[in-house]
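Engineer: Following this line is data_18.txt, made up of compact mmCIF, C-alpha atoms:
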```txt
# COMPACT_ATOMS: atom_id res chain seq x y z
CA MET A 1 -46.34 -118.88 -39.10
CA ASN A 2 -48.27 -121.97 -40.23
CA LEU A 3 -47.40 -121.25 -43.87
CA PHE A 4 -43.70 -121.01 -43.04
CA ARG A 5 -43.80 -124.23 -41.02
CA ASN A 6 -45.62 -126.11 -43.77
CA LEU A 7 -43.17 -124.81 -46.37
CA LEU A 8 -40.25 -125.95 -44.23
CA VAL A 9 -41.77 -129.42 -43.84
CA TRP A 10 -42.27 -129.78 -47.58
CA ILE A 11 -38.69 -128.66 -48.26
CA LEU A 12 -37.36 -131.25 -45.80
CA LEU A 13 -39.50 -133.96 -47.36
CA ALA A 14 -38.27 -132.99 -50.82
CA ILE A 15 -34.63 -133.19 -49.66
CA ILE A 16 -35.20 -136.59 -48.04
CA GLY A 17 -36.95 -137.83 -51.17
CA ALA A 18 -34.13 -136.63 -53.42
CA LEU A 19 -31.51 -138.35 -51.25
CA ALA A 20 -33.49 -141.58 -51.14
CA TRP A 21 -33.98 -141.50 -54.91
CA HIS A 22 -30.25 -140.94 -55.43
CA LEU A 23 -29.29 -143.88 -53.20
CA LEU A 24 -31.83 -146.24 -54.74
CA ALA A 25 -30.89 -145.21 -58.28
CA GLN A 26 -27.31 -146.39 -57.63
CA ASP A 27 -28.48 -149.79 -56.44
CA PRO A 28 -32.22 -150.35 -57.12
CA GLY A 29 -32.14 -153.78 -55.49
CA TYR A 30 -34.38 -156.74 -56.27
CA VAL A 31 -37.80 -157.56 -54.86
CA LEU A 32 -39.66 -160.81 -55.41
CA VAL A 33 -43.26 -161.23 -54.33
CA ARG A 34 -44.59 -164.83 -54.43
CA TYR A 35 -48.16 -165.60 -53.44
CA ARG A 36 -50.05 -168.84 -54.26
CA GLY A 37 -47.95 -169.65 -57.28
CA TRP A 38 -47.96 -166.09 -58.59
CA ASP A 39 -44.58 -164.35 -58.87
CA TYR A 40 -43.95 -160.68 -59.35
CA THR A 41 -40.47 -159.21 -59.58
CA THR A 42 -39.46 -155.57 -59.41
CA ASN A 43 -36.82 -153.42 -57.77
CA LEU A 44 -36.78 -151.53 -54.50
CA LEU A 45 -36.98 -148.19 -56.26
CA TRP A 46 -40.41 -148.87 -57.74
CA VAL A 47 -41.61 -150.45 -54.49
CA SER A 48 -40.68 -147.22 -52.70
CA VAL A 49 -42.51 -145.18 -55.33
CA ALA A 50 -45.57 -147.41 -55.00
CA VAL A 51 -45.57 -147.09 -51.20
CA VAL A 52 -45.27 -143.29 -51.36
CA ALA A 53 -48.03 -143.11 -54.00
CA THR A 54 -50.29 -145.34 -51.88
CA LEU A 55 -49.74 -143.20 -48.80
CA LEU A 56 -50.46 -140.07 -50.84
CA VAL A 57 -53.72 -141.54 -52.17
CA LEU A 58 -54.77 -142.56 -48.65
CA TRP A 59 -53.99 -139.07 -47.37
CA LEU A 60 -56.05 -137.51 -50.16
CA LEU A 61 -58.97 -139.83 -49.39
CA TRP A 62 -58.76 -138.96 -45.71
CA ALA A 63 -58.67 -135.25 -46.55
CA LEU A 64 -61.78 -135.65 -48.72
CA VAL A 65 -63.61 -137.49 -45.93
CA ALA A 66 -62.45 -135.11 -43.18
CA THR A 67 -63.25 -131.87 -45.02
CA PRO A 68 -67.06 -132.06 -44.52
CA LEU A 69 -66.57 -133.08 -40.88
CA ARG A 70 -64.19 -130.18 -40.31
CA ALA A 71 -66.59 -127.76 -42.00
CA TRP A 72 -69.48 -129.06 -39.87
CA ARG A 73 -67.43 -128.69 -36.68
CA GLN A 74 -66.37 -125.14 -37.58
CA ARG A 75 -69.99 -124.23 -38.36
CA ARG A 76 -71.11 -125.66 -35.01
CA GLU A 77 -68.41 -123.71 -33.16
CA ARG A 78 -69.38 -120.51 -34.96
CA GLN A 79 -73.06 -120.99 -34.10
CA SER A 80 -72.13 -121.70 -30.49
CA ARG A 81 -70.15 -118.44 -30.23
CA GLU A 82 -72.97 -116.50 -31.87
CA ARG A 83 -75.52 -117.90 -29.41
CA LEU A 84 -73.24 -117.12 -26.50
CA GLY A 85 -72.77 -113.52 -27.64
CA THR A 86 -76.46 -113.00 -28.38
CA GLY A 87 -77.47 -114.63 -25.10
CA LEU A 88 -75.09 -112.50 -23.02
CA GLU A 89 -76.36 -109.37 -24.76
CA ALA A 90 -79.96 -110.40 -24.04
CA LEU A 91 -79.03 -110.96 -20.39
CA HIS A 92 -77.43 -107.51 -20.21
CA GLN A 93 -80.53 -105.93 -21.77
CA GLY A 94 -82.89 -107.70 -19.35
CA HIS A 95 -84.42 -110.15 -21.83
CA TYR A 96 -84.00 -112.97 -19.34
CA ALA A 97 -86.26 -115.58 -20.94
CA ARG A 98 -84.56 -115.13 -24.33
CA ALA A 99 -81.13 -115.25 -22.72
CA GLU A 100 -81.99 -118.43 -20.86
CA LYS A 101 -83.16 -120.02 -24.11
CA LEU A 102 -80.07 -119.09 -26.13
CA LEU A 103 -77.27 -119.58 -23.62
CA PRO A 104 -77.61 -123.35 -23.00
CA GLN A 105 -77.25 -123.84 -26.76
CA ALA A 106 -73.66 -122.54 -26.56
CA THR A 107 -72.17 -125.95 -25.87
CA ASP A 108 -68.69 -125.56 -27.36
CA GLY A 109 -65.86 -126.31 -24.91
CA SER A 110 -65.22 -123.65 -22.29
CA ASP A 111 -68.09 -121.53 -23.65
CA ALA A 112 -70.54 -124.05 -22.20
CA ALA A 113 -69.61 -123.27 -18.57
CA VAL A 114 -69.88 -119.50 -19.11
CA ALA A 115 -73.17 -119.95 -20.94
CA ARG A 116 -74.66 -122.14 -18.22
CA LEU A 117 -73.61 -119.70 -15.51
CA ALA A 118 -75.18 -116.81 -17.42
CA ALA A 119 -78.34 -118.88 -18.00
CA ALA A 120 -78.52 -119.53 -14.25
CA ARG A 121 -78.30 -115.80 -13.58
CA ALA A 122 -81.04 -115.16 -16.14
CA ALA A 123 -83.26 -117.74 -14.43
CA LEU A 124 -82.48 -116.18 -11.04
CA ALA A 125 -83.44 -112.75 -12.40
CA ARG A 126 -86.78 -114.26 -13.47
CA GLY A 127 -87.24 -115.68 -9.97
CA ASP A 128 -87.01 -119.28 -11.15
CA HIS A 129 -84.54 -120.69 -8.63
CA ALA A 130 -85.16 -124.31 -9.65
CA ALA A 131 -84.14 -123.55 -13.24
CA ALA A 132 -81.09 -121.66 -12.01
CA ARG A 133 -80.04 -124.68 -9.94
CA SER A 134 -80.55 -126.96 -12.95
CA HIS A 135 -78.31 -124.79 -15.12
CA LEU A 136 -75.59 -124.78 -12.47
CA ASP A 137 -75.74 -128.55 -12.04
CA ALA A 138 -75.19 -128.90 -15.81
CA ILE A 139 -71.74 -127.28 -15.56
CA ASP A 140 -69.18 -130.08 -15.85
CA ALA A 141 -66.45 -130.89 -13.35
CA ASP A 142 -63.76 -129.30 -15.52
CA HIS A 143 -65.15 -125.90 -14.48
CA ALA A 144 -65.65 -126.61 -10.78
CA LEU A 145 -64.75 -123.07 -9.68
CA THR A 146 -67.31 -121.51 -12.02
CA ARG A 147 -69.95 -123.95 -10.76
CA ALA A 148 -69.05 -123.28 -7.11
CA ILE A 149 -69.34 -119.52 -7.55
CA GLY A 150 -72.72 -119.91 -9.23
CA ARG A 151 -74.00 -122.19 -6.47
CA ALA A 152 -72.75 -119.80 -3.80
CA GLU A 153 -74.50 -116.86 -5.48
CA LEU A 154 -77.73 -118.83 -5.64
CA ALA A 155 -77.45 -119.95 -2.02
CA LEU A 156 -76.87 -116.38 -0.82
CA ALA A 157 -79.81 -115.17 -2.90
CA GLU A 158 -81.92 -117.76 -1.08
CA ASP A 159 -80.50 -116.74 2.33
CA ARG A 160 -78.57 -120.02 2.74
CA PRO A 161 -75.07 -118.80 3.69
CA THR A 162 -74.02 -122.18 5.09
CA ASP A 163 -74.76 -123.85 1.75
CA ALA A 164 -72.82 -121.08 0.02
CA LEU A 165 -69.78 -121.89 2.17
CA VAL A 166 -70.16 -125.61 1.42
CA ALA A 167 -70.16 -124.83 -2.31
CA LEU A 168 -67.08 -122.62 -2.01
CA ASP A 169 -65.24 -125.26 0.05
CA ASP A 170 -65.41 -127.76 -2.82
CA PRO A 171 -61.80 -129.10 -3.12
CA ALA A 172 -62.04 -129.03 -6.92
CA ALA A 173 -62.78 -125.28 -6.80
CA GLN A 174 -59.58 -124.36 -4.96
CA PRO A 175 -57.89 -121.93 -4.93
CA LEU A 176 -60.77 -119.50 -4.96
CA SER A 177 -60.79 -116.59 -7.37
CA PRO A 178 -61.35 -112.98 -6.19
CA ARG A 179 -65.09 -113.40 -6.77
CA GLY A 180 -65.07 -116.60 -4.71
CA LEU A 181 -63.27 -114.86 -1.84
CA ALA A 182 -65.77 -112.02 -1.90
CA LEU A 183 -68.67 -114.49 -1.76
CA ARG A 184 -67.01 -116.34 1.11
CA ALA A 185 -66.72 -113.07 3.03
CA GLU A 186 -70.38 -112.32 2.33
CA ALA A 187 -71.39 -115.80 3.49
CA TYR A 188 -69.37 -115.45 6.71
CA ALA A 189 -71.01 -112.09 7.37
CA ALA A 190 -74.47 -113.52 6.77
CA SER A 191 -73.67 -116.45 9.06
CA ARG A 192 -72.42 -114.14 11.85
CA ARG A 193 -69.06 -115.94 11.78
CA ALA A 194 -66.95 -112.93 12.70
CA ALA A 195 -63.88 -114.95 13.73
CA ASP A 196 -63.67 -116.61 10.31
CA ALA A 197 -64.38 -113.37 8.48
CA TYR A 198 -61.58 -111.64 10.39
CA ALA A 199 -58.96 -113.69 8.47
CA LEU A 200 -60.21 -112.60 5.05
CA PRO A 201 -59.52 -108.82 4.66
CA GLY A 202 -55.84 -109.37 3.84
CA ALA A 203 -56.62 -111.85 1.05
CA LEU A 204 -59.44 -109.64 -0.22
CA ARG A 205 -57.10 -106.63 -0.49
CA GLN A 206 -54.36 -108.69 -2.12
CA GLN A 207 -56.74 -110.11 -4.73
CA HIS A 208 -58.59 -106.78 -5.23
CA ALA A 209 -61.75 -108.77 -4.59
CA LEU A 210 -63.81 -105.80 -3.39
```
If you convert what's in this file into structure tokens, what do you get?
Structural biologist:
Amino acid sequence: MNLFRNLLVWILLAIIGALAWHLLAQDPGYVLVRYRGWDYTTNLLWVSVAVVATLLVLWLLWALVATPLRAWRQRRERQSRERLGTGLEALHQGHYARAEKLLPQATDGSDAAVARLAAARAALARGDHAAARSHLDAIDADHALTRAIGRAELALAEDRPTDALVALDDPAAQPLSPRGLALRAEAYAASRRAADAYALPGALRQQHAL
């Protein structure tokens, strides 16, 4: 699709260039440049050619400068994905310390939130609740729901159901996902808040949360 679009753009540019050349060839015009006693005369046709050539040279220079930066960014993204995959596999296999070391290094875009959440779970599996809390706090505000779910899981693991409900009530985390609804139900049950829990079964069934 990109090849077809690029080809179409170049065809349109070629047509526009041919039409412009045809019009200017009929009446090339007259251009006078005077600067500090220095005069230079030419026609509009060659001025247009010079402008197009200058823009082309600038584009080539920009491409040469941007190519290393683009290659470095692609390499960084590839390494980030590799660390995320290796870290998640280590977490699944029970290598929690290795997972917690690799996952925070996956810092590319949306992968960072998933990696931090997985690192928090690895720290929790090791029994290091302070490290788990640190990983969760590092999740940015763009992934508030992911952060809220992680904080609720940690709070329930520490027998703090009220704090779990506070985390899940974060306005930025609304609406809750199925996992968030299930954690809210668990927190209500742990808090002995039967009246609040009574309103949840319908939403849990609808979202297939359990």
Engineer: Just how far from atom CA of Arg36 of chain A is atom CA of Val52 of chain A, in Å to one decimal?
Structural biologist: 26.2 Å
Engineer: Using all atoms listed in the file for the distances, tell me which of A:Val49, A:Ala106, A:Leu91, A:Ala97 is nearest to Arg76 of chain A.
Structural biologist: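 Checking each candidate against Arg76 of chain A, we get A:Ala106 as the closest.
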Engineer: What's the separation between atom CA of Asp137 of chain A and atom CA of Glu82 of chain A, in Å to one decimal place?
Structural biologist: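 Separation between atom CA of Asp137 of chain A and atom CA of Glu82 of chain A: 23.4 Å.
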Engineer: What's around Arg78 of chain A at 10 Å? Count all atoms listed in the file, leave out sequence neighbours fewer than 5 positions away in its own chain, and write the answer as an MDAnalysis selection string.
Structural biologist: chainID A and resid 72:73 83:84 106 108
Engineer: Between A:Glu77, A:Glu153, A:Glu89, A:Asp140, which is the closest to Ala113 of chain A once you count all atoms listed in the file?
Structural biologist: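 Of A:Glu77, A:Glu153, A:Glu89, A:Asp140, the one nearest Ala113 of chain A is A:Asp140, counting all atoms listed in the file.
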Engineer: Can you list, as a PyMOL selection string, every protein, DNA or RNA residue that comes within 12 Å of Ala173 of chain A when you count all atoms listed in the file, leaving out same-chain residues fewer than 4 positions away?
Structural biologist: chain A and resi 141-152+165-169+177+180-181
Engineer: Using all atoms listed in the file, which of A:Ser191, A:Gln105, A:Ser134, A:Asn6 sits nearest Thr86 of chain A?
Structural biologist: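 Of A:Ser191, A:Gln105, A:Ser134, A:Asn6, the one nearest Thr86 of chain A is A:Gln105, counting all atoms listed in the file.
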Engineer: Any idea what the distance is between atom CA of Ala185 of chain A and atom CA of Ala155 of chain A?
Structural biologist: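 Taking atom CA of Ala185 of chain A as the start and atom CA of Ala155 of chain A as the end point, the length is 13.7 Å.
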Engineer: Go through A:Leu45, A:Ala132, A:Leu124, A:Ala115 and flag the residue nearest Gly17 of chain A, using all atoms listed in the file for the distances.
Structural biologist: A:Leu45
Engineer: Of the residues A:Asn43, A:Ser80, A:Gln206, A:Thr162, which is the one nearest to Tyr188 of chain A, using only C-alpha atoms?
Structural biologist: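 Nearest to Tyr188 of chain A: A:Thr162.
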Engineer: Do a neighbour search on Ala123 of chain A at 12 Å with all atoms listed in the file, toss out local chain neighbours closer than 2 positions, and write the hits as a PyMOL selection string.
Structural biologist: chain A and resi 91+94-101+103-104+116-121+125-136+150+154
Engineer: Go through A:Leu176, A:Ile11, A:Ala157, A:Ala63 and flag the residue nearest Gln207 of chain A, using all atoms listed in the file for the distances.
Structural biologist: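 Of A:Leu176, A:Ile11, A:Ala157, A:Ala63, the one nearest Gln207 of chain A is A:Leu176, counting all atoms listed in the file.
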